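Chemist: For reference, this is run-v2.tsv, and it has TSV, C-alpha atoms.
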```
chain	number	residue	atom	x	y	z
F	12	MET	CA	162.93	-32.30	247.68
F	13	ARG	CA	159.75	-30.30	248.27
F	14	HIS	CA	156.39	-31.50	247.09
F	15	ALA	CA	153.28	-29.51	246.27
F	16	GLU	CA	149.92	-30.42	244.82
F	17	PHE	CA	147.07	-28.47	243.32
F	18	ARG	CA	144.21	-28.96	240.91
F	19	ALA	CA	144.25	-27.58	237.36
F	20	MET	CA	143.14	-28.58	233.86
F	21	GLY	CA	140.59	-30.96	235.37
F	22	THR	CA	143.14	-33.09	237.17
F	23	ASN	CA	145.58	-33.25	240.05
F	24	VAL	CA	148.97	-31.66	239.42
F	25	MET	CA	151.94	-32.64	241.55
F	26	VAL	CA	155.22	-30.79	241.68
F	27	TRP	CA	158.61	-31.72	243.10
F	28	ASP	CA	161.53	-29.35	243.40
F	29	ALA	CA	164.28	-28.46	245.82
F	30	ALA	CA	163.38	-24.79	245.77
F	31	TYR	CA	160.72	-23.24	247.91
F	32	GLY	CA	157.86	-21.78	245.85
F	33	ALA	CA	158.18	-24.08	242.87
F	34	GLY	CA	154.63	-25.28	243.43
F	35	GLN	CA	153.26	-21.74	243.16
F	36	SER	CA	155.24	-21.06	240.01
F	37	VAL	CA	154.00	-24.22	238.37
F	38	GLN	CA	150.44	-23.55	239.50
F	39	SER	CA	150.60	-20.09	237.96
F	40	TRP	CA	151.83	-21.63	234.69
F	41	PHE	CA	149.09	-24.26	234.70
F	42	ASP	CA	146.48	-21.58	235.31
F	43	GLN	CA	147.78	-19.77	232.23
F	44	ALA	CA	147.77	-22.98	230.24
F	45	GLU	CA	144.21	-23.78	231.25
F	46	ALA	CA	143.10	-20.30	230.23
F	47	ILE	CA	144.49	-21.02	226.77
F	48	PHE	CA	143.80	-24.71	226.17
F	49	SER	CA	140.55	-25.44	228.01
F	50	ARG	CA	137.71	-26.62	225.83
F	51	PHE	CA	135.25	-25.67	228.55
F	52	LEU	CA	136.21	-22.18	229.66
F	53	PRO	CA	134.14	-19.75	227.58
F	54	THR	CA	137.00	-17.26	227.60
F	55	SER	CA	139.79	-19.62	226.59
F	56	GLU	CA	141.70	-19.24	223.35
F	57	LEU	CA	140.73	-22.77	222.29
F	58	THR	CA	137.05	-21.95	222.79
F	59	ALA	CA	137.46	-18.87	220.60
F	60	LEU	CA	139.28	-20.95	218.01
F	61	ASN	CA	136.59	-23.62	217.97
F	62	ARG	CA	133.83	-21.01	217.78
F	63	SER	CA	135.43	-19.16	214.90
F	64	THR	CA	134.15	-19.93	211.42
F	65	ASP	CA	137.25	-18.47	209.77
F	66	PRO	CA	139.18	-21.19	207.94
F	67	ALA	CA	142.44	-19.46	208.92
F	68	ILE	CA	142.88	-17.86	212.31
F	69	ALA	CA	145.94	-16.37	214.01
F	70	VAL	CA	146.76	-17.80	217.44
F	71	THR	CA	149.10	-16.90	220.29
F	72	GLY	CA	152.63	-18.21	220.39
F	73	THR	CA	151.76	-20.60	223.22
F	74	MET	CA	148.83	-22.06	221.31
F	75	ALA	CA	150.89	-22.30	218.13
F	76	ALA	CA	153.70	-24.12	219.95
F	77	CYS	CA	151.34	-26.65	221.52
F	78	LEU	CA	149.55	-27.22	218.23
F	79	ALA	CA	152.88	-27.68	216.48
F	80	ALA	CA	153.71	-30.41	219.00
F	81	ALA	CA	150.27	-31.95	218.42
F	82	ALA	CA	150.76	-31.89	214.64
F	83	ASP	CA	154.14	-33.56	214.99
F	84	LEU	CA	152.68	-36.29	217.20
F	85	ARG	CA	149.73	-36.77	214.87
F	86	ASP	CA	152.26	-37.55	212.14
F	87	ARG	CA	154.31	-39.84	214.36
F	88	THR	CA	151.21	-41.81	215.33
F	89	ASP	CA	149.93	-42.01	211.74
F	90	GLY	CA	146.94	-39.86	212.66
F	91	LEU	CA	145.84	-41.97	215.63
F	92	VAL	CA	146.39	-39.12	218.08
F	93	ASP	CA	144.64	-36.14	216.58
F	94	PRO	CA	143.06	-33.15	218.36
F	95	ALA	CA	140.51	-33.00	215.53
F	96	VAL	CA	138.37	-35.58	217.35
F	97	GLY	CA	136.95	-32.70	219.43
F	98	GLY	CA	133.70	-32.73	217.47
F	99	ALA	CA	133.24	-36.47	217.95
F	100	LEU	CA	133.99	-36.15	221.65
F	101	ILE	CA	131.21	-33.59	221.95
F	102	GLU	CA	128.81	-35.72	219.91
F	103	TRP	CA	129.45	-38.68	222.20
F	104	GLY	CA	128.59	-36.52	225.20
F	105	TYR	CA	131.83	-35.11	226.56
F	106	ASP	CA	130.56	-31.62	225.93
F	107	GLN	CA	131.37	-29.98	229.23
F	108	THR	CA	133.79	-30.45	232.12
F	109	PHE	CA	133.81	-34.10	233.01
F	110	ALA	CA	132.19	-33.50	236.38
F	111	ALA	CA	129.13	-32.24	234.54
F	112	VAL	CA	129.00	-34.80	231.74
F	113	ALA	CA	125.57	-36.40	231.62
F	114	ASP	CA	124.53	-39.75	230.21
F	115	LYS	CA	123.04	-39.61	226.73
F	116	ASP	CA	119.87	-41.33	225.58
F	117	GLN	CA	121.46	-42.71	222.46
F	118	SER	CA	124.74	-43.12	220.66
F	119	PRO	CA	125.45	-40.49	218.01
F	120	THR	CA	126.08	-41.05	214.35
F	121	PRO	CA	129.69	-39.98	213.95
F	122	SER	CA	130.24	-37.09	211.59
F	123	ALA	CA	133.20	-36.70	209.28
F	124	ALA	CA	136.60	-35.99	210.78
F	125	GLY	CA	138.10	-32.57	210.22
F	126	ASP	CA	141.55	-31.58	209.16
F	127	TRP	CA	143.83	-28.86	210.43
F	128	SER	CA	147.35	-27.52	210.30
F	129	VAL	CA	149.36	-24.78	211.94
F	130	HIS	CA	151.96	-22.68	210.18
F	131	GLU	CA	153.67	-19.47	211.31
F	132	GLY	CA	151.11	-18.80	214.01
F	133	VAL	CA	148.06	-19.39	211.83
F	134	VAL	CA	145.73	-22.36	212.22
F	135	ASN	CA	143.99	-23.58	209.09
F	136	ARG	CA	140.99	-25.87	209.45
F	137	THR	CA	138.35	-27.46	207.30
F	138	PRO	CA	134.90	-26.12	208.19
F	139	GLY	CA	133.45	-27.63	211.34
F	140	THR	CA	136.73	-28.99	212.70
F	141	LEU	CA	136.74	-28.77	216.49
F	142	LEU	CA	139.98	-29.31	218.36
F	143	ASP	CA	140.41	-30.97	221.73
F	144	LEU	CA	143.81	-30.56	223.35
F	145	GLY	CA	143.00	-32.32	226.63
F	146	GLY	CA	145.75	-34.91	226.95
F	147	ILE	CA	148.25	-33.18	224.70
F	148	ALA	CA	148.00	-29.87	226.54
F	149	LYS	CA	148.49	-31.53	229.94
F	150	GLY	CA	151.64	-33.28	228.84
F	151	TRP	CA	152.91	-30.22	227.05
F	152	ALA	CA	152.28	-28.05	230.13
F	153	CYS	CA	154.30	-30.50	232.26
F	154	ASP	CA	157.12	-30.34	229.74
F	155	ARG	CA	157.15	-26.57	229.59
F	156	ALA	CA	157.12	-26.26	233.39
F	157	VAL	CA	160.23	-28.43	233.68
F	158	GLU	CA	161.95	-26.99	230.61
F	159	GLN	CA	161.42	-23.46	231.96
F	160	GLY	CA	163.05	-24.54	235.20
F	161	LEU	CA	159.94	-24.04	237.30
F	162	ALA	CA	160.30	-27.49	238.90
F	163	SER	CA	162.29	-30.70	238.69
F	164	VAL	CA	159.30	-33.00	238.33
F	165	VAL	CA	155.72	-32.23	237.30
F	166	SER	CA	152.92	-34.78	237.05
F	167	ALA	CA	149.44	-34.01	235.70
F	168	GLY	CA	146.76	-36.60	235.07
F	169	GLY	CA	149.19	-39.46	234.70
F	170	ASP	CA	151.62	-37.46	232.54
F	171	VAL	CA	155.03	-37.03	234.14
F	172	ARG	CA	158.03	-34.97	233.10
F	173	SER	CA	161.21	-35.16	235.12
F	174	SER	CA	164.65	-33.55	235.08
F	175	ASP	CA	165.64	-35.35	238.27
F	176	PRO	CA	167.78	-38.46	237.65
F	177	SER	CA	166.39	-40.13	240.77
F	178	THR	CA	162.70	-39.98	239.82
F	179	VAL	CA	160.75	-43.20	240.30
F	180	VAL	CA	157.26	-43.81	238.91
F	181	LEU	CA	154.72	-46.31	240.19
F	182	ILE	CA	152.58	-47.44	237.28
F	183	ASP	CA	149.16	-48.31	238.65
F	184	ASP	CA	146.73	-50.73	237.07
F	185	PRO	CA	142.99	-49.99	236.92
F	186	TRP	CA	142.52	-51.98	240.16
F	187	GLY	CA	144.76	-49.54	242.00
F	188	GLU	CA	147.63	-51.99	242.34
F	189	THR	CA	151.13	-51.10	241.27
F	190	ALA	CA	151.79	-52.94	238.02
F	191	LEU	CA	155.40	-51.86	237.81
F	192	GLN	CA	157.75	-49.57	239.68
F	193	VAL	CA	160.19	-48.00	237.25
F	194	HIS	CA	163.11	-45.68	237.33
F	195	LEU	CA	162.21	-42.79	235.03
F	196	GLY	CA	165.10	-40.47	235.78
F	197	VAL	CA	165.23	-37.67	233.20
F	198	GLY	CA	162.42	-37.93	230.69
F	199	GLY	CA	158.69	-38.27	230.26
F	200	LEU	CA	156.12	-40.94	231.06
F	201	ALA	CA	152.37	-41.09	230.60
F	202	THR	CA	149.49	-43.51	231.08
F	203	SER	CA	146.31	-43.55	229.06
F	204	SER	CA	143.31	-45.54	230.25
F	205	THR	CA	139.82	-46.41	229.09
F	206	THR	CA	138.59	-47.12	232.61
F	207	ARG	CA	138.48	-43.49	233.60
F	208	ARG	CA	136.17	-40.75	232.41
F	209	ARG	CA	133.31	-42.99	231.36
F	210	TRP	CA	129.62	-42.31	230.87
F	211	ARG	CA	126.66	-43.86	229.09
F	212	ALA	CA	125.43	-43.16	225.56
F	213	GLY	CA	122.29	-45.17	224.90
F	214	ASP	CA	122.97	-48.81	225.71
F	215	ASP	CA	126.72	-48.34	225.57
F	216	GLU	CA	129.12	-47.39	228.30
F	217	VAL	CA	131.60	-45.13	226.58
F	218	HIS	CA	134.86	-43.41	227.45
F	219	HIS	CA	136.86	-40.40	226.39
F	220	ILE	CA	139.45	-41.99	224.11
F	221	ILE	CA	138.07	-41.49	220.63
F	222	ASP	CA	139.46	-43.57	217.78
F	223	PRO	CA	139.88	-41.19	214.80
F	224	ARG	CA	139.30	-44.13	212.43
F	225	THR	CA	135.78	-44.69	213.70
F	226	LEU	CA	135.13	-41.41	215.53
F	227	ALA	CA	133.80	-43.54	218.37
F	228	PRO	CA	135.23	-44.55	221.75
F	229	ALA	CA	138.02	-47.03	221.13
F	230	VAL	CA	137.32	-50.76	221.31
F	231	THR	CA	140.58	-52.30	222.47
F	232	PRO	CA	141.86	-55.16	224.61
F	233	VAL	CA	144.08	-52.63	226.41
F	234	LEU	CA	142.70	-51.23	229.65
F	235	SER	CA	145.61	-48.88	230.11
F	236	ALA	CA	148.84	-48.16	228.29
F	237	THR	CA	151.96	-46.51	229.65
F	238	VAL	CA	154.81	-45.14	227.56
F	239	MET	CA	158.21	-43.71	228.44
F	240	ALA	CA	159.67	-41.14	226.05
F	241	ALA	CA	161.84	-38.03	226.09
F	242	THR	CA	158.94	-35.74	226.94
F	243	ALA	CA	155.61	-36.05	228.68
F	244	VAL	CA	153.68	-34.94	225.61
F	245	ALA	CA	155.36	-37.58	223.44
F	246	ALA	CA	154.68	-40.19	226.11
F	247	GLU	CA	151.05	-39.08	226.28
F	248	ALA	CA	150.61	-39.46	222.52
F	249	GLY	CA	152.52	-42.74	222.51
F	250	ALA	CA	150.38	-44.20	225.28
F	251	LYS	CA	147.18	-43.25	223.52
F	252	ALA	CA	148.43	-44.71	220.24
F	253	VAL	CA	149.40	-47.99	221.95
F	254	LEU	CA	145.93	-48.17	223.44
F	255	LEU	CA	144.28	-47.46	220.08
F	256	HIS	CA	146.48	-49.99	218.28
F	257	GLY	CA	145.15	-52.60	220.69
F	258	GLU	CA	146.54	-56.07	220.10
F	259	SER	CA	149.48	-54.72	218.06
F	260	GLY	CA	150.11	-51.72	220.32
F	261	LEU	CA	153.30	-52.99	221.93
F	262	ALA	CA	154.61	-54.21	218.58
F	263	TRP	CA	153.96	-50.76	217.14
F	264	ALA	CA	155.67	-49.06	220.10
F	265	GLU	CA	158.68	-51.31	219.69
F	266	GLN	CA	159.15	-49.95	216.16
F	267	GLN	CA	159.08	-46.27	217.22
F	268	ASP	CA	162.52	-44.83	217.89
F	269	TRP	CA	160.97	-42.01	219.93
F	270	ILE	CA	159.38	-44.44	222.40
F	271	ASP	CA	161.78	-45.83	225.00
F	272	ALA	CA	159.45	-48.43	226.50
F	273	ALA	CA	155.75	-49.32	226.64
F	274	LEU	CA	153.54	-51.31	228.99
F	275	VAL	CA	149.92	-52.42	228.76
F	276	VAL	CA	147.41	-53.70	231.27
F	277	TRP	CA	145.38	-56.25	229.31
F	278	HIS	CA	141.63	-56.65	229.61
F	279	ASN	CA	142.14	-59.88	231.59
F	280	GLY	CA	144.35	-58.17	234.16
F	281	ASN	CA	147.66	-59.40	232.80
F	282	VAL	CA	150.48	-56.94	232.30
F	283	PHE	CA	152.81	-57.01	229.31
F	284	ALA	CA	155.65	-54.73	228.26
F	285	THR	CA	158.37	-54.09	225.76
F	286	ASN	CA	162.00	-54.17	226.68
F	287	GLY	CA	163.41	-50.91	227.91
F	288	TRP	CA	161.97	-50.50	231.40
F	289	GLU	CA	164.45	-50.01	234.16
F	290	MET	CA	162.95	-51.47	237.30
F	291	ALA	CA	163.27	-49.41	240.45
F	292	ALA	CA	163.87	-50.85	243.85
X	11	MET	CA	91.85	-59.89	153.99
X	12	LEU	CA	93.86	-63.07	153.87
X	13	LYS	CA	91.46	-64.42	151.24
X	14	ARG	CA	92.23	-61.38	149.08
X	15	LEU	CA	95.98	-61.73	149.62
X	16	PHE	CA	96.04	-65.54	149.40
X	17	PRO	CA	93.08	-66.74	147.23
X	18	SER	CA	94.33	-70.33	147.28
X	19	ARG	CA	93.59	-72.43	150.39
X	20	TRP	CA	97.10	-73.91	150.32
X	21	ALA	CA	98.61	-70.44	150.03
X	22	ARG	CA	96.73	-69.41	153.22
X	23	ILE	CA	97.92	-72.54	155.03
X	24	LEU	CA	101.43	-71.77	153.92
X	25	ALA	CA	101.13	-68.17	155.12
X	26	TRP	CA	99.78	-69.22	158.55
X	27	THR	CA	102.52	-71.80	158.90
X	28	GLY	CA	105.17	-69.22	158.03
X	29	ALA	CA	103.74	-66.75	160.52
X	30	ALA	CA	103.63	-69.41	163.24
X	31	VAL	CA	107.23	-70.43	162.57
X	32	ALA	CA	108.33	-66.77	162.63
X	33	TRP	CA	106.52	-66.20	165.94
X	34	ALA	CA	108.01	-69.30	167.50
X	35	THR	CA	111.48	-68.32	166.33
X	36	SER	CA	111.13	-64.84	167.85
X	37	VAL	CA	109.98	-66.31	171.18
X	38	VAL	CA	112.95	-68.66	171.30
X	39	THR	CA	115.30	-65.79	170.40
X	40	VAL	CA	113.92	-63.54	173.17
X	41	GLN	CA	114.12	-66.36	175.69
X	42	ALA	CA	117.71	-67.13	174.70
X	43	ALA	CA	118.63	-63.44	175.05
X	44	THR	CA	117.06	-63.33	178.50
X	45	GLU	CA	118.98	-66.39	179.57
X	46	GLN	CA	122.17	-64.84	178.22
X	47	ASP	CA	121.58	-61.68	180.30
X	48	ALA	CA	120.92	-63.74	183.37
X	49	THR	CA	124.14	-65.61	182.75
X	50	ALA	CA	126.02	-62.33	182.38
X	51	GLU	CA	124.75	-61.14	185.79
X	52	THR	CA	126.06	-64.20	187.53
X	53	PRO	CA	129.52	-63.39	188.93
X	54	PRO	CA	132.39	-65.49	187.68
X	55	THR	CA	133.12	-68.32	190.01
X	56	ASP	CA	136.68	-67.16	190.65
X	57	VAL	CA	135.59	-63.87	192.33
X	58	PRO	CA	135.98	-64.31	196.08
X	59	GLU	CA	133.02	-63.94	198.34
X	60	PRO	CA	132.98	-60.66	200.29
X	61	GLU	CA	134.59	-61.10	203.65
X	62	VAL	CA	132.17	-61.20	206.51
X	63	LEU	CA	133.48	-58.93	209.23
X	64	GLU	CA	132.90	-59.97	212.78
X	65	VAL	CA	131.49	-57.02	214.63
X	66	ASN	CA	131.94	-58.48	218.08
X	67	GLU	CA	135.30	-60.15	217.79
X	68	PRO	CA	136.57	-61.64	220.99
X	69	LEU	CA	139.41	-59.63	222.46
X	70	ALA	CA	142.85	-61.10	221.99
X	71	ALA	CA	144.19	-63.02	224.97
X	72	VAL	CA	147.72	-61.63	224.61
X	73	PRO	CA	149.41	-58.87	222.59
X	74	ALA	CA	150.86	-59.50	219.15
X	75	PRO	CA	154.42	-60.86	219.24
X	76	LEU	CA	157.35	-58.47	219.58
X	77	GLU	CA	160.68	-58.69	217.77
X	78	GLU	CA	162.62	-58.36	221.00
X	79	GLY	CA	160.20	-60.52	222.91
X	80	LEU	CA	157.16	-59.78	224.99
X	81	VAL	CA	158.00	-58.97	228.59
X	82	VAL	CA	155.41	-60.52	230.87
X	83	ILE	CA	155.13	-58.41	233.98
X	84	ARG	CA	152.12	-60.17	235.45
X	85	TYR	CA	150.25	-63.22	234.22
X	86	THR	CA	147.50	-64.93	236.08
X	87	PRO	CA	145.51	-67.77	234.54
X	88	VAL	CA	142.33	-66.68	236.29
X	89	PRO	CA	141.27	-63.20	235.25
X	90	PRO	CA	140.50	-60.82	238.08
X	91	PRO	CA	137.04	-59.29	238.48
X	92	PRO	CA	136.34	-56.33	236.22
X	93	PRO	CA	138.19	-53.22	237.33
X	94	GLU	CA	136.28	-50.60	239.13
X	95	VAL	CA	135.28	-48.13	236.47
X	96	ILE	CA	136.34	-44.66	237.41
X	97	THR	CA	133.38	-42.46	236.64
X	98	ARG	CA	132.85	-38.76	236.83
X	99	THR	CA	132.02	-38.93	240.51
X	100	VAL	CA	135.50	-40.20	241.25
X	101	THR	CA	136.92	-37.49	239.07
X	102	VAL	CA	135.09	-34.88	241.08
X	103	ALA	CA	136.45	-36.43	244.23
X	104	GLY	CA	139.97	-35.79	243.00
X	105	GLY	CA	141.04	-39.12	241.61
X	106	GLY	CA	140.94	-37.85	238.07
X	107	GLY	CA	143.87	-38.92	236.06
X	108	GLY	CA	146.63	-38.28	238.47
X	109	GLY	CA	146.30	-41.69	239.96
X	110	GLY	CA	144.98	-40.47	243.23
X	111	GLY	CA	146.32	-38.30	245.90
X	112	PRO	CA	149.84	-37.36	246.86
X	113	THR	CA	152.25	-40.17	246.39
X	114	ALA	CA	155.53	-38.76	247.60
X	115	THR	CA	155.71	-41.28	250.34
X	116	THR	CA	159.33	-41.58	251.35
X	117	GLY	CA	161.61	-39.21	253.16
X	118	GLY	CA	160.78	-36.70	255.81
X	119	GLY	CA	157.44	-35.14	256.46
X	120	GLY	CA	156.35	-31.59	255.90
X	121	GLY	CA	155.98	-31.95	252.15
X	122	THR	CA	159.50	-33.11	251.49
X	123	THR	CA	160.78	-36.39	250.18
X	124	SER	CA	164.19	-37.79	249.36
X	125	ARG	CA	163.38	-38.52	245.75
X	126	PRO	CA	160.34	-37.87	243.58
X	127	THR	CA	158.10	-40.94	243.54
X	128	VAL	CA	155.24	-40.34	241.17
X	129	LYS	CA	152.19	-42.40	240.33
X	130	SER	CA	150.86	-42.77	236.82
X	131	ALA	CA	147.48	-44.34	236.33
X	132	GLY	CA	146.13	-42.54	233.31
X	133	SER	CA	143.49	-39.94	232.81
```
Can you give me the file's structure in the form of structure tokens?
Modeler:
Amino acid sequence: MRHAEFRAMGTNVMVWDAAYGAGQSVQSWFDQAEAIFSRFLPTSELTALNRSTDPAIAVTGTMAACLAAAADLRDRTDGLVDPAVGGALIEWGYDQTFAAVADKDQSPTPSAAGDWSVHEGVVNRTPGTLLDLGGIAKGWACDRAVEQGLASVVSAGGDVRSSDPSTVVLIDDPWGETALQVHLGVGGLATSSTTRRRWRAGDDEVHHIIDPRTLAPAVTPVLSATVMAATAVAAEAGAKAVLLHGESGLAWAEQQDWIDAALVVWHNGNVFATNGWEMAA
Amino acid sequence: MLKRLFPSRWARILAWTGAAVAWATSVVTVQAATEQDATAETPPTDVPEPEVLEVNEPLAAVPAPLEEGLVVIRYTPVPPPPPEVITRTVTVAGGGGGGGGPTATTGGGGGTTSRPTVKSAGS
């Protein structure tokens, strides 16, 4: 099994495949995906979409497919995972690539959340709705890379998609220790954490996971949440929803038939999980 | 004017008395109405007090119970020190999201490994 690694979409991407050149193929795909989904590239399709004042705007097939997945996951998570928090993310200070994010003098007053939908290649939005596809696009790009046969396993920013039955994942806690070593096999897995991508806004230390209910960085006892599902994008949304649900996150995950298993690292360092994890030796 | 209207002394006394009684009655009536309004503004006793929301609730010590049981992977009575917060500088250095560097650690060298072993630490 060959292994390659490169940087794209603001994170490390790792690729495993038996074939020579899989890494280059996946890198090429991720470069395309970044050119479409980046909130920071001035030439990206998402930037054009967010800049447009048209309430209805036609998008490419790739954008439409990713947004359709996002809309589906928004419904499955009862609106907890919604790209429409893009405006709030900018107001809180995540207004450029994370390397360039600067501390803010004060916390913002959250504005109203927007609404959006996608149908037959056309995105409809309420005025002022700004979309952020950060986590969703990463997971979706991993899925597409594996589904297109570009590689057996692709991992990007904690989101993993595998078609290799032997794939093992080490779930790290925020201290860098392995919380659990699991056998993923064929499927998706993702971890969402509040301890990464943090900055200051006034007196508060804030992070990038915005709660759509408050339009502010989530306050939760969960430091990080990991979910196993059929795809990386579903796992990504599931992990974020578990984190946002907080105390009831695992109980919520247990009720979702599209989530195979969930794990949380609690604020006090303890690690809890649902049934469904297959430990790996 | 009163002398013209009430030439008799007793008629004037009677008129003054009547006016005084009428004035006193109107004062009592206004006061009673005011008290009635005040009573109407007082909420009925069976209306519950508005719930006071705790803004800084302490974080729960454990997750809510699960139907199939909570699986405890790690439990230590003494909490560890706060985790190192991964800030933008770490992200620039390449830690961002992917859980660090290459993690395919088993198998032969030269970028090959017997099975994919991936790390997931969030982004």
Chemist: Would you work out the distance separating CA of Asn23 in chain F from CA of Ala167 in chain F, expressed in Å to one decimal?
Modeler: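 A separation of 5.9 Å between them.
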Chemist: Just give me the gap between CA of Ala190 in chain F and CA of Thr205 in chain F in Å, one decimal is fine.
Modeler: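 Separation between CA of Ala190 in chain F and CA of Thr205 in chain F: 16.3 Å.
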Chemist: Which residues are close to Thr71 in chain F, i.e. within 10 Å by only C-alpha atoms, leaving aside same-chain residues fewer than 6 positions away? Reply as a PyMOL selection string.
Modeler: chain F and resi 47+56+132-133
Chemist: With only C-alpha atoms considered, list every residue of chain F at most 7 Å from chain X, as a PDB file with C-alpha atoms, in the coordinates of the input.
Modeler:
```pdb
ATOM      1  CA  MET F  12     162.930 -32.300 247.680  1.00  0.00           C
ATOM      2  CA  ARG F  13     159.750 -30.300 248.270  1.00  0.00           C
ATOM      3  CA  HIS F  14     156.390 -31.500 247.090  1.00  0.00           C
ATOM      4  CA  ALA F  15     153.280 -29.510 246.270  1.00  0.00           C
ATOM      5  CA  THR F  22     143.140 -33.090 237.170  1.00  0.00           C
ATOM      6  CA  ASN F  23     145.580 -33.250 240.050  1.00  0.00           C
ATOM      7  CA  TRP F  27     158.610 -31.720 243.100  1.00  0.00           C
ATOM      8  CA  PHE F 109     133.810 -34.100 233.010  1.00  0.00           C
ATOM      9  CA  ALA F 110     132.190 -33.500 236.380  1.00  0.00           C
ATOM     10  CA  ALA F 167     149.440 -34.010 235.700  1.00  0.00           C
ATOM     11  CA  GLY F 168     146.760 -36.600 235.070  1.00  0.00           C
ATOM     12  CA  GLY F 169     149.190 -39.460 234.700  1.00  0.00           C
ATOM     13  CA  ASP F 170     151.620 -37.460 232.540  1.00  0.00           C
ATOM     14  CA  SER F 177     166.390 -40.130 240.770  1.00  0.00           C
ATOM     15  CA  THR F 178     162.700 -39.980 239.820  1.00  0.00           C
ATOM     16  CA  VAL F 179     160.750 -43.200 240.300  1.00  0.00           C
ATOM     17  CA  VAL F 180     157.260 -43.810 238.910  1.00  0.00           C
ATOM     18  CA  LEU F 181     154.720 -46.310 240.190  1.00  0.00           C
ATOM     19  CA  ILE F 182     152.580 -47.440 237.280  1.00  0.00           C
ATOM     20  CA  ASP F 183     149.160 -48.310 238.650  1.00  0.00           C
ATOM     21  CA  ASP F 184     146.730 -50.730 237.070  1.00  0.00           C
ATOM     22  CA  PRO F 185     142.990 -49.990 236.920  1.00  0.00           C
ATOM     23  CA  TRP F 186     142.520 -51.980 240.160  1.00  0.00           C
ATOM     24  CA  ALA F 201     152.370 -41.090 230.600  1.00  0.00           C
ATOM     25  CA  THR F 202     149.490 -43.510 231.080  1.00  0.00           C
ATOM     26  CA  SER F 203     146.310 -43.550 229.060  1.00  0.00           C
ATOM     27  CA  SER F 204     143.310 -45.540 230.250  1.00  0.00           C
ATOM     28  CA  THR F 206     138.590 -47.120 232.610  1.00  0.00           C
ATOM     29  CA  ARG F 207     138.480 -43.490 233.600  1.00  0.00           C
ATOM     30  CA  ARG F 208     136.170 -40.750 232.410  1.00  0.00           C
ATOM     31  CA  ARG F 209     133.310 -42.990 231.360  1.00  0.00           C
ATOM     32  CA  TRP F 210     129.620 -42.310 230.870  1.00  0.00           C
ATOM     33  CA  PRO F 232     141.860 -55.160 224.610  1.00  0.00           C
ATOM     34  CA  GLU F 258     146.540 -56.070 220.100  1.00  0.00           C
ATOM     35  CA  SER F 259     149.480 -54.720 218.060  1.00  0.00           C
ATOM     36  CA  ALA F 262     154.610 -54.210 218.580  1.00  0.00           C
ATOM     37  CA  ASN F 279     142.140 -59.880 231.590  1.00  0.00           C
ATOM     38  CA  GLY F 280     144.350 -58.170 234.160  1.00  0.00           C
ATOM     39  CA  ASN F 281     147.660 -59.400 232.800  1.00  0.00           C
ATOM     40  CA  VAL F 282     150.480 -56.940 232.300  1.00  0.00           C
ATOM     41  CA  PHE F 283     152.810 -57.010 229.310  1.00  0.00           C
ATOM     42  CA  ALA F 284     155.650 -54.730 228.260  1.00  0.00           C
ATOM     43  CA  THR F 285     158.370 -54.090 225.760  1.00  0.00           C
ATOM     44  CA  ASN F 286     162.000 -54.170 226.680  1.00  0.00           C
TER      45      ASN F 286
END
```
Chemist: For a test of reading the model, state the distance in Å between CA of Ser122 in chain F and CA of His256 in chain F, rounded to one decimal.
Modeler: 21.8 Å
Chemist: Is it possible to get the residues within 9 Å of (133.4, -21.9, 215.6) (coordinates as in the file, counting all atoms listed in the file) written as a list in words?
Modeler: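 Looking at atoms near the point gives Thr58, Ala59, Leu60, Asn61, Arg62, Ser63, Thr64, Asp65, Pro138, Gly139, Thr140 and Leu141 of chain F.
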Chemist: Nearest to Leu78 in chain F: which of F:Val129, F:Ile101, F:Ala124, F:Ala30 is it, counting only C-alpha atoms?
Modeler: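 The answer is F:Val129, which sits nearest to Leu78 in chain F.
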Chemist: Measuring atom to atom with only C-alpha atoms, identify which of F:Val233, F:Glu16, F:Leu226, F:Leu195 is nearest to Gly287 in chain F.
Modeler: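 Checking each of F:Val233, F:Glu16, F:Leu226, F:Leu195 against Gly287 in chain F, counting only C-alpha atoms, the winner is F:Leu195.
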Chemist: Please determine, counting all atoms listed in the file, which residue among F:Asp126, F:Asp42, F:Asp215, F:Asp89 has the shortest atom-to-atom distance to Ala227 in chain F.
Modeler: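 That would be F:Asp215, the residue with the smallest distance to Ala227 in chain F.
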Chemist: Counting all atoms listed in the file, figure out which residue out of F:Leu52, F:Cys77, F:Leu200, F:Ala46 gets nearest to Gly249 in chain F.
Modeler: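 Nearest to Gly249 in chain F: F:Leu200.
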